[in-house]
Each structure stands twice: as C-alpha cells, then as structure tokens.
$ cat entry.cif   # mmCIF, C-alpha atoms
data_run
#
loop_
_atom_site.label_atom_id
_atom_site.label_comp_id
_atom_site.auth_asym_id
_atom_site.auth_seq_id
_atom_site.Cartn_x
_atom_site.Cartn_y
_atom_site.Cartn_z
CA ARG A 1 86.75 131.82 118.40
CA GLU A 2 87.40 131.90 122.15
CA ILE A 3 87.27 128.10 122.29
CA TYR A 4 89.79 127.70 119.48
CA GLU A 5 92.11 130.26 121.01
CA PHE A 6 91.96 128.36 124.31
CA LEU A 7 92.76 125.08 122.56
CA GLN A 8 95.65 126.68 120.71
CA ALA A 9 97.10 128.20 123.88
CA ALA A 10 96.75 124.93 125.81
CA SER A 11 98.39 123.02 122.97
CA GLN A 12 101.33 125.41 122.89
CA ARG A 13 101.74 125.08 126.64
CA TYR A 14 101.90 121.28 126.59
CA GLY A 15 103.65 120.65 123.30
CA ILE A 16 100.60 119.46 121.37
CA ALA A 17 100.29 120.10 117.63
CA PHE A 18 97.29 122.34 116.94
CA TRP A 19 95.64 122.53 113.52
CA ARG A 20 93.44 125.54 112.98
CA PRO A 21 89.94 125.28 111.48
CA GLY A 22 90.34 125.22 107.72
CA SER A 23 93.57 123.21 107.85
CA GLY A 24 91.71 120.14 106.67
CA ILE A 25 90.36 116.79 107.78
CA ILE A 26 92.58 115.27 110.45
CA HIS A 27 93.03 111.95 108.62
CA GLN A 28 94.37 113.73 105.55
CA LEU A 29 96.63 115.88 107.76
CA VAL A 30 97.98 112.78 109.47
CA LEU A 31 98.77 111.20 106.12
CA GLU A 32 100.52 114.36 104.92
CA ASN A 33 102.50 115.04 108.09
CA TYR A 34 102.71 112.22 110.63
CA ALA A 35 102.05 108.74 109.27
CA ALA A 36 105.12 106.52 108.84
CA PRO A 37 105.54 102.87 107.81
CA GLY A 38 105.88 100.30 110.59
CA THR A 39 104.66 102.54 113.40
CA LEU A 40 101.62 102.38 115.69
CA MET A 41 99.11 105.19 116.21
CA LEU A 42 95.92 105.48 118.23
CA GLY A 43 93.32 108.03 117.20
CA THR A 44 89.93 108.93 118.60
CA ASP A 45 88.02 108.48 115.36
CA SER A 46 86.85 105.37 113.54
CA HIS A 47 88.61 106.39 110.31
CA THR A 48 92.03 106.66 111.94
CA PRO A 49 93.06 103.53 109.91
CA ASN A 50 93.32 105.85 106.90
CA ALA A 51 97.05 106.01 107.78
CA GLY A 52 97.35 102.31 106.91
CA GLY A 53 97.80 103.59 103.38
CA LEU A 54 101.29 104.59 104.49
CA GLY A 55 102.02 101.27 106.16
CA MET A 56 101.12 102.47 109.65
CA LEU A 57 99.10 100.38 112.10
CA ALA A 58 96.58 103.09 112.94
CA ILE A 59 93.70 102.15 115.22
CA GLY A 60 90.60 104.11 116.18
CA VAL A 61 89.92 104.02 119.93
CA GLY A 62 87.76 105.67 122.53
CA GLY A 63 88.82 108.75 124.45
CA ALA A 64 89.65 106.80 127.60
CA ASP A 65 92.06 104.55 125.70
CA ALA A 66 93.75 107.57 124.15
CA VAL A 67 94.14 109.23 127.54
CA ASP A 68 95.69 106.05 128.96
CA ALA A 69 98.21 105.98 126.13
CA MET A 70 99.06 109.66 126.63
CA ALA A 71 99.61 108.92 130.33
CA ASP A 72 102.05 106.12 129.41
CA ILE A 73 99.65 103.41 130.56
CA PRO A 74 99.96 100.26 128.41
CA TRP A 75 97.18 99.96 125.87
CA GLU A 76 95.45 96.61 125.63
CA LEU A 77 92.98 94.93 123.29
CA LYS A 78 91.82 91.42 122.56
CA ALA A 79 94.20 89.79 120.10
CA PRO A 80 92.60 90.33 116.67
CA ARG A 81 92.16 87.86 113.87
CA VAL A 82 94.14 88.64 110.72
CA LEU A 83 92.14 88.71 107.52
CA GLY A 84 94.27 88.62 104.39
CA VAL A 85 93.05 90.28 101.19
CA GLN A 86 95.06 89.22 98.15
CA LEU A 87 95.03 91.78 95.34
CA ARG A 88 95.89 90.57 91.86
CA GLY A 89 96.39 92.43 88.59
CA LYS A 90 95.83 96.13 88.00
CA LEU A 91 92.78 98.40 87.99
CA HIS A 92 91.33 99.20 84.58
CA GLU A 93 91.20 102.77 83.28
CA TRP A 94 87.88 103.64 84.93
CA GLY A 95 88.82 101.85 88.16
CA ASN A 96 89.58 103.51 91.47
CA PRO A 97 90.98 102.00 94.71
CA LYS A 98 87.60 102.91 96.23
CA ASP A 99 86.14 100.04 94.21
CA VAL A 100 88.27 97.57 96.19
CA ILE A 101 86.77 98.45 99.54
CA LEU A 102 83.26 98.82 98.12
CA ALA A 103 83.45 95.27 96.77
CA LEU A 104 85.02 93.99 100.00
CA ALA A 105 82.25 95.60 102.06
CA GLY A 106 79.76 93.78 99.87
CA LYS A 107 81.46 90.50 100.73
CA LEU A 108 82.06 91.05 104.44
CA THR A 109 79.03 93.22 105.40
CA VAL A 110 79.27 95.88 108.10
CA ARG A 111 80.11 93.25 110.74
CA GLY A 112 82.36 90.87 108.84
CA GLY A 113 85.62 92.54 109.81
CA THR A 114 84.85 92.93 113.51
CA GLY A 115 87.74 91.84 115.70
CA SER A 116 90.08 91.61 112.73
CA ILE A 117 93.02 93.42 111.22
CA ILE A 118 92.77 93.43 107.44
CA GLU A 119 96.14 93.01 105.76
CA TYR A 120 96.45 93.52 102.01
CA PHE A 121 99.04 91.62 99.99
CA GLY A 122 99.68 90.31 96.48
CA ASP A 123 101.11 91.58 93.22
CA GLY A 124 98.26 94.06 92.78
CA VAL A 125 99.37 96.08 95.80
CA ASN A 126 102.29 97.69 93.97
CA SER A 127 99.95 99.08 91.30
CA LEU A 128 98.12 101.28 93.83
CA SER A 129 99.02 104.81 94.88
CA CYS A 130 99.67 105.65 98.52
CA THR A 131 96.53 107.80 98.74
CA GLY A 132 94.56 105.04 97.00
CA MET A 133 95.64 102.57 99.67
CA ALA A 134 94.64 105.11 102.31
CA THR A 135 91.15 105.20 100.77
CA ILE A 136 90.89 101.43 101.12
CA CYS A 137 92.13 101.44 104.72
CA ASN A 138 89.86 104.34 105.62
CA MET A 139 86.70 102.40 104.81
CA GLY A 140 87.83 99.32 106.69
CA ALA A 141 85.88 100.95 109.50
CA GLU A 142 82.69 100.28 107.53
CA VAL A 143 83.22 96.52 107.83
CA GLY A 144 84.04 96.78 111.54
CA ALA A 145 87.76 96.05 111.25
CA THR A 146 90.13 96.95 114.08
CA THR A 147 92.37 98.45 111.41
CA SER A 148 93.68 97.83 107.89
CA VAL A 149 97.25 97.96 106.63
CA PHE A 150 99.32 97.67 103.47
CA PRO A 151 102.96 96.58 103.12
CA TYR A 152 105.50 99.26 102.34
CA THR A 153 105.59 100.00 98.60
CA PRO A 154 107.41 102.34 96.17
CA SER A 155 104.31 104.55 95.97
CA MET A 156 104.61 105.17 99.72
CA ALA A 157 108.22 106.23 99.20
CA ARG A 158 107.13 108.63 96.46
CA TYR A 159 104.43 110.10 98.70
CA LEU A 160 106.84 110.55 101.60
CA ALA A 161 109.31 112.34 99.32
CA ALA A 162 106.54 114.57 97.92
CA THR A 163 105.50 115.56 101.46
CA GLN A 164 109.06 116.46 102.50
CA ARG A 165 109.73 113.24 104.43
CA ALA A 166 112.27 111.54 102.20
CA ALA A 167 114.37 110.57 105.23
CA ILE A 168 111.52 108.37 106.48
CA ALA A 169 111.35 106.69 103.07
CA THR A 170 115.07 106.01 103.20
CA ALA A 171 114.74 104.41 106.64
CA ALA A 172 111.75 102.35 105.48
CA ASP A 173 113.60 101.19 102.38
CA ALA A 174 116.27 99.68 104.62
CA GLN A 175 113.70 97.73 106.64
CA GLN A 176 111.23 96.70 103.96
CA ALA A 177 112.28 93.09 103.47
CA SER A 178 112.64 92.38 107.20
CA TYR A 179 109.70 94.16 108.75
CA LEU A 180 107.46 96.07 106.31
CA SER A 181 106.20 93.43 103.90
CA ALA A 182 104.82 89.91 104.09
CA ASP A 183 107.39 87.15 104.47
CA ALA A 184 107.96 84.99 101.39
CA GLN A 185 106.33 81.96 102.98
CA VAL A 186 103.19 83.98 103.75
CA ALA A 187 102.84 85.07 100.13
CA ALA A 188 103.44 81.51 98.97
CA ASP A 189 100.78 79.94 101.23
CA PRO A 190 98.54 82.69 102.65
CA ALA A 191 95.83 80.32 103.89
CA LYS A 192 98.33 78.86 106.35
CA TYR A 193 99.01 82.21 108.02
CA TYR A 194 95.81 84.23 107.75
CA ASP A 195 92.60 83.38 109.58
CA GLU A 196 90.72 84.07 106.35
CA VAL A 197 91.80 84.95 102.81
CA ILE A 198 89.76 86.90 100.27
CA ASP A 199 90.96 87.16 96.68
CA ILE A 200 90.21 90.24 94.52
CA ASP A 201 91.20 90.54 90.87
CA LEU A 202 91.72 94.24 90.21
CA SER A 203 91.69 93.79 86.44
CA THR A 204 88.06 92.57 86.46
CA LEU A 205 86.82 94.77 89.31
CA GLU A 206 84.01 97.10 88.26
CA PRO A 207 83.24 100.53 89.69
CA GLY A 208 80.79 99.97 92.51
CA TYR A 209 77.89 101.79 94.14
CA ASN A 210 77.15 100.96 97.78
CA GLY A 211 73.83 101.91 99.29
CA PRO A 212 71.37 103.21 100.04
CA PHE A 213 71.30 103.46 103.83
CA THR A 214 74.20 101.06 104.45
CA PRO A 215 77.79 100.98 103.15
CA ASP A 216 77.75 97.23 102.42
CA LEU A 217 74.93 97.00 99.86
CA TYR A 218 77.14 96.58 96.81
CA THR A 219 76.01 96.97 93.21
CA PRO A 220 78.52 96.82 90.33
CA ARG A 221 78.14 99.54 87.70
CA SER A 222 77.03 97.07 85.02
CA LYS A 223 73.98 96.13 87.12
CA MET A 224 73.22 99.55 88.56
CA SER A 225 70.77 100.75 85.89
CA ASP A 226 68.61 97.63 86.13
CA THR A 227 68.81 97.59 89.94
CA VAL A 228 67.56 101.18 90.13
CA LYS A 229 64.41 100.05 88.32
CA THR A 230 63.84 96.80 90.19
CA GLU A 231 64.41 98.37 93.61
CA GLY A 232 62.36 101.46 92.82
CA TRP A 233 65.17 103.84 93.77
CA SER A 234 64.87 107.47 92.78
CA ASP A 235 66.85 107.68 89.54
CA LYS A 236 67.30 111.45 89.54
CA VAL A 237 70.52 112.56 91.27
CA SER A 238 69.78 115.61 93.39
CA ALA A 239 73.38 116.09 94.55
CA ALA A 240 76.82 114.80 93.59
CA LEU A 241 79.52 115.18 96.21
CA ILE A 242 83.26 114.61 96.04
CA GLY A 243 85.33 114.79 99.21
CA SER A 244 85.51 113.48 102.78
CA CYS A 245 88.55 111.84 104.36
CA THR A 246 88.02 108.88 102.03
CA ASN A 247 88.42 110.43 98.58
CA SER A 248 89.83 113.95 98.53
CA SER A 249 93.42 113.33 97.49
CA TYR A 250 95.18 115.10 94.62
CA GLN A 251 94.90 111.97 92.47
CA ASP A 252 91.16 111.65 93.12
CA LEU A 253 90.51 115.28 92.27
CA SER A 254 92.77 115.39 89.22
CA ARG A 255 91.11 112.32 87.68
CA ALA A 256 87.63 113.71 88.27
CA ALA A 257 88.76 117.08 86.86
CA SER A 258 89.86 115.37 83.63
CA LEU A 259 86.23 114.38 83.07
CA ALA A 260 85.05 117.87 83.95
CA ARG A 261 87.38 119.35 81.32
CA GLN A 262 85.93 117.04 78.68
CA ALA A 263 82.44 118.25 79.53
CA SER A 264 83.32 121.96 79.61
CA ALA A 265 85.11 121.67 76.26
CA ARG A 266 81.73 120.64 74.87
CA GLY A 267 79.92 123.49 76.59
CA LEU A 268 78.32 121.12 79.07
CA ARG A 269 77.61 121.76 82.74
CA VAL A 270 76.20 119.55 85.49
CA ALA A 271 72.72 118.21 84.86
CA GLU A 272 69.80 120.49 85.62
CA GLY A 273 68.58 119.97 89.17
CA THR A 274 71.82 118.34 90.30
CA GLU A 275 73.98 120.14 92.86
CA PHE A 276 77.71 119.44 92.53
CA LEU A 277 79.91 120.07 95.58
CA VAL A 278 83.62 119.40 96.14
CA SER A 279 85.34 119.31 99.55
CA PRO A 280 89.18 119.29 99.49
CA GLY A 281 90.81 117.11 102.13
CA SER A 282 93.28 119.70 103.35
CA GLU A 283 94.48 123.23 102.73
CA GLN A 284 97.52 121.77 101.02
CA ILE A 285 95.28 119.89 98.60
CA ARG A 286 93.02 122.92 98.08
CA ALA A 287 95.89 125.28 97.33
CA THR A 288 97.49 122.77 94.98
CA MET A 289 94.26 122.09 93.10
CA GLU A 290 93.71 125.83 92.72
CA ARG A 291 97.26 126.32 91.43
CA ASP A 292 97.00 123.44 88.96
CA GLY A 293 93.63 124.44 87.49
CA ILE A 294 91.63 121.61 89.04
CA GLN A 295 89.32 123.95 90.95
CA GLU A 296 88.78 125.98 87.78
CA ALA A 297 87.85 122.80 85.89
CA PHE A 298 85.21 121.92 88.48
CA GLU A 299 83.78 125.42 88.67
CA ALA A 300 83.55 125.58 84.86
CA ILE A 301 80.83 122.91 84.94
CA GLY A 302 78.98 124.43 87.90
CA ALA A 303 80.69 123.00 90.97
CA LYS A 304 80.83 124.73 94.31
CA VAL A 305 84.09 124.17 96.21
CA LEU A 306 83.50 123.98 99.96
CA ALA A 307 85.76 124.38 102.98
CA ASN A 308 88.58 121.94 103.75
CA ALA A 309 86.46 119.88 106.11
CA CYS A 310 84.25 116.84 106.47
CA GLY A 311 81.34 118.95 105.22
CA PRO A 312 78.33 117.10 103.77
CA CYS A 313 79.73 113.73 104.85
CA ILE A 314 78.66 114.58 108.40
CA GLY A 315 75.73 116.80 107.44
CA GLN A 316 77.56 120.12 107.36
CA TRP A 317 76.13 121.76 104.25
CA ASN A 318 73.39 124.27 103.64
CA ARG A 319 70.58 122.02 102.48
CA ASP A 320 67.90 122.90 105.00
CA GLU A 321 66.00 125.10 102.53
CA ASN A 322 66.11 122.53 99.74
CA PRO A 323 62.56 121.22 99.14
CA VAL A 324 63.70 117.60 99.27
CA VAL A 325 64.88 118.17 102.83
CA LYS A 326 62.11 120.50 103.99
CA ASN A 327 59.44 118.16 102.68
CA LYS A 328 61.29 114.94 103.53
CA GLU A 329 61.12 113.89 99.88
CA THR A 330 62.66 110.71 98.57
CA ASN A 331 65.78 111.60 96.61
CA SER A 332 69.15 110.17 95.62
CA ILE A 333 72.60 111.62 96.13
CA VAL A 334 75.90 110.18 94.97
CA SER A 335 79.06 110.70 97.00
CA SER A 336 82.65 109.58 97.42
CA PHE A 337 82.09 109.43 101.19
CA ASN A 338 82.43 106.44 103.52
CA ARG A 339 79.09 106.34 105.34
CA ASN A 340 75.51 106.62 104.19
CA PHE A 341 73.26 105.68 107.07
CA ARG A 342 69.75 107.04 107.02
CA ALA A 343 69.52 110.83 107.66
CA ARG A 344 73.29 111.13 108.21
CA ASN A 345 74.02 113.53 105.38
CA ASP A 346 71.16 116.03 105.50
CA GLY A 347 68.74 115.00 108.24
CA ASN A 348 66.24 113.68 105.71
CA PRO A 349 65.55 109.97 106.35
CA ASN A 350 64.45 109.61 102.73
CA THR A 351 67.71 110.78 101.17
CA MET A 352 69.41 107.77 99.59
CA ASN A 353 73.20 108.13 99.47
CA PHE A 354 75.14 105.89 97.11
CA LEU A 355 78.87 105.61 97.83
CA THR A 356 81.16 105.39 94.83
CA SER A 357 84.42 106.72 93.38
CA PRO A 358 85.02 110.40 92.50
CA GLU A 359 85.02 109.49 88.80
CA MET A 360 81.55 107.93 89.07
CA VAL A 361 80.34 110.91 91.13
CA LEU A 362 81.46 113.26 88.36
CA GLY A 363 79.67 111.07 85.82
CA ALA A 364 76.49 111.21 87.91
CA ALA A 365 76.78 115.00 88.13
CA LEU A 366 76.88 115.26 84.34
CA GLY A 367 74.31 112.57 83.57
CA GLY A 368 71.98 113.53 86.41
CA ARG A 369 70.75 109.95 86.88
CA LEU A 370 71.84 106.88 88.82
CA SER A 371 71.14 104.85 85.70
CA PHE A 372 73.63 106.89 83.65
CA ASN A 373 76.78 104.85 83.04
CA PRO A 374 79.66 107.22 82.22
CA MET A 375 81.71 104.36 80.79
CA THR A 376 79.19 103.45 78.09
CA ASP A 377 76.38 106.01 77.85
CA SER A 378 76.40 109.21 75.79
CA LEU A 379 75.92 112.82 76.83
CA VAL A 380 74.52 115.63 74.68
CA ASP A 381 76.72 118.72 74.34
CA ALA A 382 75.75 122.39 73.95
CA LYS A 383 75.37 121.93 70.17
CA GLY A 384 73.03 118.99 70.54
CA GLN A 385 75.61 116.44 69.50
CA SER A 386 76.06 113.23 71.46
CA PHE A 387 79.46 112.18 72.76
CA LYS A 388 80.99 109.74 75.20
CA LEU A 389 83.47 110.54 77.92
CA GLU A 390 87.01 109.31 77.49
CA PRO A 391 88.44 107.40 80.48
CA PRO A 392 89.70 109.64 83.29
CA SER A 393 93.36 110.45 83.76
CA GLY A 394 95.29 112.18 86.49
CA ASP A 395 98.54 112.41 88.39
CA GLU A 396 99.36 110.29 91.41
CA LEU A 397 101.14 113.31 92.86
CA PRO A 398 101.44 116.95 91.70
CA THR A 399 104.13 117.21 89.05
CA ARG A 400 104.98 120.72 90.29
CA GLY A 401 105.29 119.68 93.91
#
$ encode --input "entry.cif" --output "structure tokens"
Amino acid sequence: REIYEFLQAASQRYGIAFWRPGSGIIHQLVLENYAAPGTLMLGTDSHTPNAGGLGMLAIGVGGADAVDAMADIPWELKAPRVLGVQLRGKLHEWGNPKDVILALAGKLTVRGGTGSIIEYFGDGVNSLSCTGMATICNMGAEVGATTSVFPYTPSMARYLAATQRAAIATAADAQQASYLSADAQVAADPAKYYDEVIDIDLSTLEPGYNGPFTPDLYTPRSKMSDTVKTEGWSDKVSAALIGSCTNSSYQDLSRAASLARQASARGLRVAEGTEFLVSPGSEQIRATMERDGIQEAFEAIGAKVLANACGPCIGQWNRDENPVVKNKETNSIVSSFNRNFRARNDGNPNTMNFLTSPEMVLGAALGGRLSFNPMTDSLVDAKGQSFKLEPPSGDELPTRG
C-alpha cells in the first residue's frame, strides 16, 4: 500500500495520470480513455499496439526510450517495412477478430513481422468492431511487429462516442479521407506500395487454436480434433480462461455469455474437472457486465470472475495447490490470451496453453475437451438430452451505455 500511495502522490505532483490497482489492464484503459486516431504513442509494454484498434500508431518501447520521449528528446528507430494485410468479406457467425491474428501468426511465425508495421486494409475492415481491431493489433506483438494499425472506421467513431469522446470522432471524421485511411491508389494496387501483402478472406476464416508453447502454431477448428490425436496432446481441458488485454471487451464477454445462457437454460454447467475463470479488462467493463447480467450468466455455469487485471495470462492465479501444477503433470488449458510460452501461465512446463477466441474458450469449458467442436458437436443437458449450441450473439457496445 505504501508503494502505491507514493506513486499516487508523485503522479499528482508532476501531472501524471495514476490508475489505482483494480482499475484494469493498462491497454484496455488506454483504449477507453486516451487512444485517438492518427496520433502516436509510446508505451513500455509489448502489447501497447492494442491502441491501433482505434487508429493510433502505438509502439511498445523500452524504458530508456520512454524516458527520452518524456524529456522531449527525439525518438528514433530504424525505418520499418510496411506489411499490408488485406481483409475481404465478413466473419461468419462463429468467427471472432481473434481468428484473424491467429491465422496471420500461423503464416508469419513469431519472427515474420520483425521490423515491420502491419497495416490492415480492404473491404473487410469496416465489418470489424473497434475492440475487435484492438484484439488483432494487440497480438501483432506475437509476430514481432513494430506495431499494427487500422484505418479510421465508423466502428471507431461509435466507440469514441460510447466512451464520451464524440468530439474526437468528429475531428477524425473531418480528416478521414486525407490522413486516416489508405489512399485510393494504394487500395487499387497494394503490391506497389506495401513491402509485402497478405490476403485474408474473413468469410472463409475458421476459428483457430494456436499452441501449445508458441503463439504461431496454428490449427483451424476443423482439424483440431484429429490433430489432438496425432500430436498426442492432452485432450482433457483442465482450465478455460477468458480475459487478458487481448479479449476482455464488452463484445467478447457478451458473445461468450450468450453461449453460457444456452447451457444454463438446459441445466448444464462447465465440464467436470474443468476450471472456468473470467478476467474483465477494466473496472468499467466489469461494472457494465455485472449490470447487464453477463457476470450472472457466467457464474450460473460455474465461472469464477477474477480481478480486473492480467491475472492468469501472466501467472497470477491460485493454481499452486492444483495437482497438475504440484506434480508437473501434462495438461491442457484453453485461453483467450496472447502468449502461451512454456511455464508462463502457471509455472508448470507441461501445461499446454491453446490460444483461441472467447467463444471457443466457452465451448471448451462446456465440452471439457480440446476435441469438442462447439460448432458441430452435441452436449448432453441435465435431463440427458443431447443438444447443439446456437451461434453466439452479442452487442458491439452496451446498449444502455
């Protein structure tokens, strides 16, 4: 407590914004309060590019670089390549923006974006929510990119208005054509202007699972069940986790909650032996999900809602007494996180973490197995009757503000 009080007092003295413990993950707080289209931000964390979902050029740097910038010393870096990712079509009903970056990581590997800025363009961009684009930019760090950015879109304007920053949206609207979107000639002939172009068709993109032990080992959902067998992965899901700075937005949580409500209506809870944990991205998200019944929907199927923090993504959860950790047992967890390197999440080098969307995490929590496909496989309800989950649904932004 003394440390936090010192930080708060020092921040007040020098005009620095201070966010108390429990306020949320800094990347979510930046998106909700500070990010703005067409601006530049440096942050001392690799997932600073999360703000690219609001059209900001947000770059993760080391502490020394940040101090230089604060001291008004010009910041320098080697001129990056520009990698263009053209998005076409629209995600299908089980799709999540997370699937875009999972598939891209599979193409580029953890080193393929090094020294590059990833710029997204194409008709598919306008079909994505602001927080969905933030998810994609967030995990650009996992391919080594300097940063990732989207052009200014109507969903960004809606998000700015919803977070009491409509004036910024108005200013951005006036500059969109000139400065905040790709020039017409770039869209017409992208190969001429980008150092590399990757094309992704959203309409055919499957939910993906990346892992274990590296965020670039991509497996589409349709091949996951067979791959579990051929690779000898532990099929049983010991924990299902939704949260982190990557996937803890209102839209993510509301879509996952729609699946939870289907299960609870059938008297179903999470699979036996599977722990289900949810970490809201910020206090604003937590309070809103409590108000709108999302937290209740999760708890009805056996979820535990954790603090507004990074939590299990960086190993901060009470798993030390779990036999799989104490005995260093091989086990599988499914998460909506961004990283899954060996021993990162619970200190057990034999815990295999598969990164996927919140919807797929919820499906894994109910099915209890990596091989369970929530899009096609059946569950058994409290009366012994089999049923299939309907596709998830949710709101881009809270309808009640």
$ closest_residue --input "entry.cif" --among "A:Gly232, A:Gly267, A:Pro220, A:Gly208" --to "A:Lys383" --atoms "all atoms listed in the file"
A:Gly267
$ atom_distance --input "entry.cif" --atom1 "atom CA of A:Asn210" --atom2 "atom CA of A:Asp235"
14.8 Å
$ residues_around --input "entry.cif" --residues "A:Cys245" --least-positions-apart "3" --cutoff "10 Å" --atoms "only C-alpha atoms" --output "list of chain:residue names"
A:Gly24, A:Ile25, A:Ile26, A:His27, A:Gln28, A:Leu29, A:His47, A:Thr48, A:Asn50, A:Ala134, A:Thr135, A:Asn138, A:Met139, A:Ser248, A:Ser249, A:Ser279, A:Pro280, A:Gly281, A:Ser282, A:Ala309, A:Cys310, A:Cys313, A:Ser336, A:Phe337, A:Asn338
$ resolve_selection --input "entry.cif" --expression "the PyMOL selection byres ((chain A and resi 276) around 6)" --output "PyMOL selection string"
chain A and resi 239-241+275+277+303
$ atom_distance --input "entry.cif" --atom1 "atom CA of A:Ile118" --atom2 "atom CA of A:Val82"
6.0 Å
$ closest_residue --input "entry.cif" --among "A:Ser254, A:Asp226, A:Leu205, A:Trp317" --to "A:Glu93" --atoms "all atoms listed in the file"
A:Leu205
$ atom_distance --input "entry.cif" --atom1 "atom CA of A:Leu370" --atom2 "atom CA of A:Glu329"
16.9 Å
$ residues_near_point --input "entry.cif" --point "(107.9, 96.7, 101.8)" --cutoff "9 Å" --atoms "all atoms listed in the file" --output "list in words"
Pro37, Gly55, Phe150, Pro151, Tyr152, Thr153, Pro154, Ala172, Asp173, Gln175, Gln176, Ala177, Ser178, Tyr179, Leu180, Ser181 and Ala182 of chain A
$ residues_around --input "entry.cif" --residues "A:Gln385" --least-positions-apart "5" --cutoff "12 Å" --atoms "all atoms listed in the file" --output "VMD selection string"
chain A and resid 266 to 268 378 to 380
$ write_last_selection --input "entry.cif" --atoms "C-alpha atoms" --output "PDB file, keeping the file's coordinate frame"
ATOM      1  CA  ARG A 266      81.730 120.640  74.870  1.00  0.00           C
ATOM      2  CA  GLY A 267      79.920 123.490  76.590  1.00  0.00           C
ATOM      3  CA  LEU A 268      78.320 121.120  79.070  1.00  0.00           C
ATOM      4  CA  SER A 378      76.400 109.210  75.790  1.00  0.00           C
ATOM      5  CA  LEU A 379      75.920 112.820  76.830  1.00  0.00           C
ATOM      6  CA  VAL A 380      74.520 115.630  74.680  1.00  0.00           C
TER       7      VAL A 380
END
$ residues_around --input "entry.cif" --residues "A:Gly122" --least-positions-apart "4" --cutoff "8 Å" --atoms "only C-alpha atoms" --output "list in words"
Gln86, Leu87, Arg88 and Ala187 of chain A
$ residues_near_point --input "entry.cif" --point "(95.6, 101.0, 106.5)" --cutoff "8 Å" --atoms "all atoms listed in the file" --output "ChimeraX atom specification"
/A:49-58,133-134,136-138,140,147-150
$ residues_around --input "entry.cif" --residues "A:Asp199" --least-positions-apart "4" --cutoff "12 Å" --atoms "all atoms listed in the file" --output "PyMOL selection string"
chain A and resi 83-89+100+103-104+107+119-124+190-191+204-205
$ residues_around --input "entry.cif" --residues "A:Ala157" --least-positions-apart "2" --cutoff "8 Å" --atoms "only C-alpha atoms" --output "ChimeraX atom specification"
/A:153-155,159-161,166,169-170
$ decode --input "entry.cif" --residues "stretch 10-16 of chain A" --atoms "all heavy atoms" --output "compact mmCIF listing (two decimals), in the first residue's frame"
# COMPACT_ATOMS: atom_id res chain seq x y z
N ALA A 10 3.34 11.04 -6.13
CA ALA A 10 4.31 11.54 -7.11
C ALA A 10 3.61 11.90 -8.41
O ALA A 10 3.94 12.91 -9.06
CB ALA A 10 5.39 10.48 -7.36
N SER A 11 2.62 11.11 -8.81
CA SER A 11 1.88 11.38 -10.03
C SER A 11 1.11 12.69 -9.93
O SER A 11 1.10 13.51 -10.86
CB SER A 11 0.93 10.23 -10.34
OG SER A 11 1.64 9.03 -10.59
N GLN A 12 0.49 12.91 -8.78
CA GLN A 12 -0.25 14.16 -8.57
C GLN A 12 0.68 15.36 -8.61
O GLN A 12 0.33 16.42 -9.16
CB GLN A 12 -0.98 14.10 -7.23
CG GLN A 12 -2.15 13.12 -7.23
CD GLN A 12 -2.78 12.99 -5.85
OE1 GLN A 12 -2.16 13.31 -4.83
NE2 GLN A 12 -4.01 12.51 -5.80
N ARG A 13 1.87 15.18 -8.08
CA ARG A 13 2.83 16.29 -8.03
C ARG A 13 3.28 16.69 -9.44
O ARG A 13 3.46 17.89 -9.72
CB ARG A 13 4.04 15.87 -7.20
CG ARG A 13 5.22 16.84 -7.24
CD ARG A 13 4.89 18.18 -6.60
NE ARG A 13 6.03 19.07 -6.61
CZ ARG A 13 6.42 19.80 -7.65
NH1 ARG A 13 5.73 19.74 -8.80
NH2 ARG A 13 7.48 20.59 -7.57
N TYR A 14 3.45 15.71 -10.33
CA TYR A 14 4.03 16.00 -11.64
C TYR A 14 3.02 15.89 -12.79
O TYR A 14 3.40 15.83 -13.96
CB TYR A 14 5.23 15.08 -11.90
CG TYR A 14 6.38 15.36 -10.97
CD1 TYR A 14 6.65 14.54 -9.89
CD2 TYR A 14 7.18 16.49 -11.16
CE1 TYR A 14 7.70 14.80 -9.02
CE2 TYR A 14 8.23 16.77 -10.29
CZ TYR A 14 8.48 15.93 -9.22
OH TYR A 14 9.51 16.21 -8.37
N GLY A 15 1.76 15.86 -12.47
CA GLY A 15 0.73 15.86 -13.50
C GLY A 15 0.63 14.59 -14.31
O GLY A 15 0.31 14.60 -15.51
N ILE A 16 0.88 13.45 -13.67
CA ILE A 16 0.82 12.15 -14.32
C ILE A 16 -0.48 11.46 -13.92
O ILE A 16 -0.86 11.46 -12.75
CB ILE A 16 2.03 11.27 -13.90
CG1 ILE A 16 3.34 11.97 -14.28
CG2 ILE A 16 1.94 9.90 -14.54
CD1 ILE A 16 4.58 11.29 -13.72
